[in-house]
Amino acid sequence: MNKYVKYGLIGLLILGFLWAVTFFIKKNTTPLKLYETEELQKRDIVNKVIVTGKVIPEDEINIKPQISGIIDKIYLEEGEQVKEGDLIATIKVVPNEQSLASARGRVRNAEVSLSNAKLEFDRNKVLFDKGVVASQAFNTIKLTYDQAKLELQNARNDYRIIRVGSAGGSASANTNIRSTVSGTILEIPVKEGDQVIQSNNFNDGTTIAAIADMAKMIFEGEVDEAEVGKLQLGMPLEISLGALEKSNYSAKLKFIAPKGIEEEGAVQFKIEGDLVVTDTAYVRAGYSANAAIVLEEKKDVLAIKEALLQFDKETEKPYVEIEVGENKFEKRELELGVSDGIDVEVISGLKENEKIKVWNELEKEEDNGGDS
């Protein structure tokens, strides 16, 4: 073999050996794990709770009939504006045969009683005028006669009410269903021909129409028991409506339920807030809504991401690791403040611009991507 070729091969082997040694040394002197870092910065932190609910009128009035019957005619429609006293519908009275017969019989009995009382009164009046009957006895007979007249009048009134719906013979006072307030008709749950029942001590009655002032709306939602203790009356609410994505409304918390209701194992408390409605959009009753309630707010404070926090297994105190050299870190316990679920205020334990180890995001090793 040519000596030059031989020396060339030896030289290549030596260079290969030196490259292998250099790579091995570099490989073993490079840290196995490199960590990313983040700096402590000043941020605005807002701790708020989001409450789901709906927007409803503050006062919704149900119009009910004063007499039972059948809807004869409906004059208005849902969504129309009404004023107090406007005619909504009329009712046709359909008397109960049994009640009608009983009332008619009562009238006849009252007529017979009055006839007898009048005969007795007229006979004793003549005797009283002649001085034969004592004054006390005559007064008793006169009282019986007057009571018989009143009984007949009452019996006839009851008969008219059952037959036509009014004691005076005109049914318009009871059969005309009029609005008792001004506002918007939200719902008319009956149709012409439907039977309706009057409102009394034993029955709520049939609702003819539901009316509300749409300028006075409230937000109604439910808050979990873990958050309700942080709420106070008068807190501002920012309302966003699902149907009006670009519109936000302001409200103030005006009611927190003193008693919670258990739903699916969690206790919920009802809250209400007055909604400030503008003329830019029409807010309909029943819109689903979310209310953001600010519990705590800090401006321009030192903060870090909550994902950077670690907790001591024994004391459960929060801490982070601070970079003190190349890939060298030092444990530092922290005192924390307000949190918004992503960032948390650092009250003490860190200084601005210190580098914090991102303990859960490791850099890949040099050869990790080349392995197969």
# chains A, B, ... in the order shown; residues from 1 in each chain; ligands from 1

$ residues_around --residues "A:Asn154" --least-positions-apart "6" --cutoff "10 Å" --atoms "only C-alpha atoms" --output "PyMOL selection string"
chain A and resi 106-107+110+148+160+167

$ select_by_dssp --residues "stretch 186-302 of chain A" --states "alpha helix (DSSP H)" --output "MDAnalysis selection string"
chainID A and resid 225:228

$ write_last_selection --atoms "C-alpha atoms" --output "PDB file, in the first residue's frame"
ATOM      1  CA  GLU A 225     -72.834  29.552  47.572  1.00  0.00           C
ATOM      2  CA  ALA A 226     -69.036  29.804  47.223  1.00  0.00           C
ATOM      3  CA  GLU A 227     -69.402  33.271  45.656  1.00  0.00           C
ATOM      4  CA  VAL A 228     -72.510  34.727  47.295  1.00  0.00           C
TER       5      VAL A 228
END

$ closest_residue --among "A:Glu78, A:Glu38, A:Asp59, A:Asp204" --to "A:Glu321" --atoms "only C-alpha atoms"
A:Glu38

$ residues_around --residues "A:Arg178" --least-positions-apart "2" --cutoff "12 Å" --atoms "only C-alpha atoms" --output "PyMOL selection string"
chain A and resi 62-66+74-76+82-91+172-176+180-182+208-211

$ atom_distance --atom1 "atom CA of A:Glu354" --atom2 "atom CA of A:Glu314"
26.0 Å

$ closest_residue --among "A:Glu238, A:Ile177, A:Asn124, A:Val51" --to "A:Gln198" --atoms "only C-alpha atoms"
A:Ile177
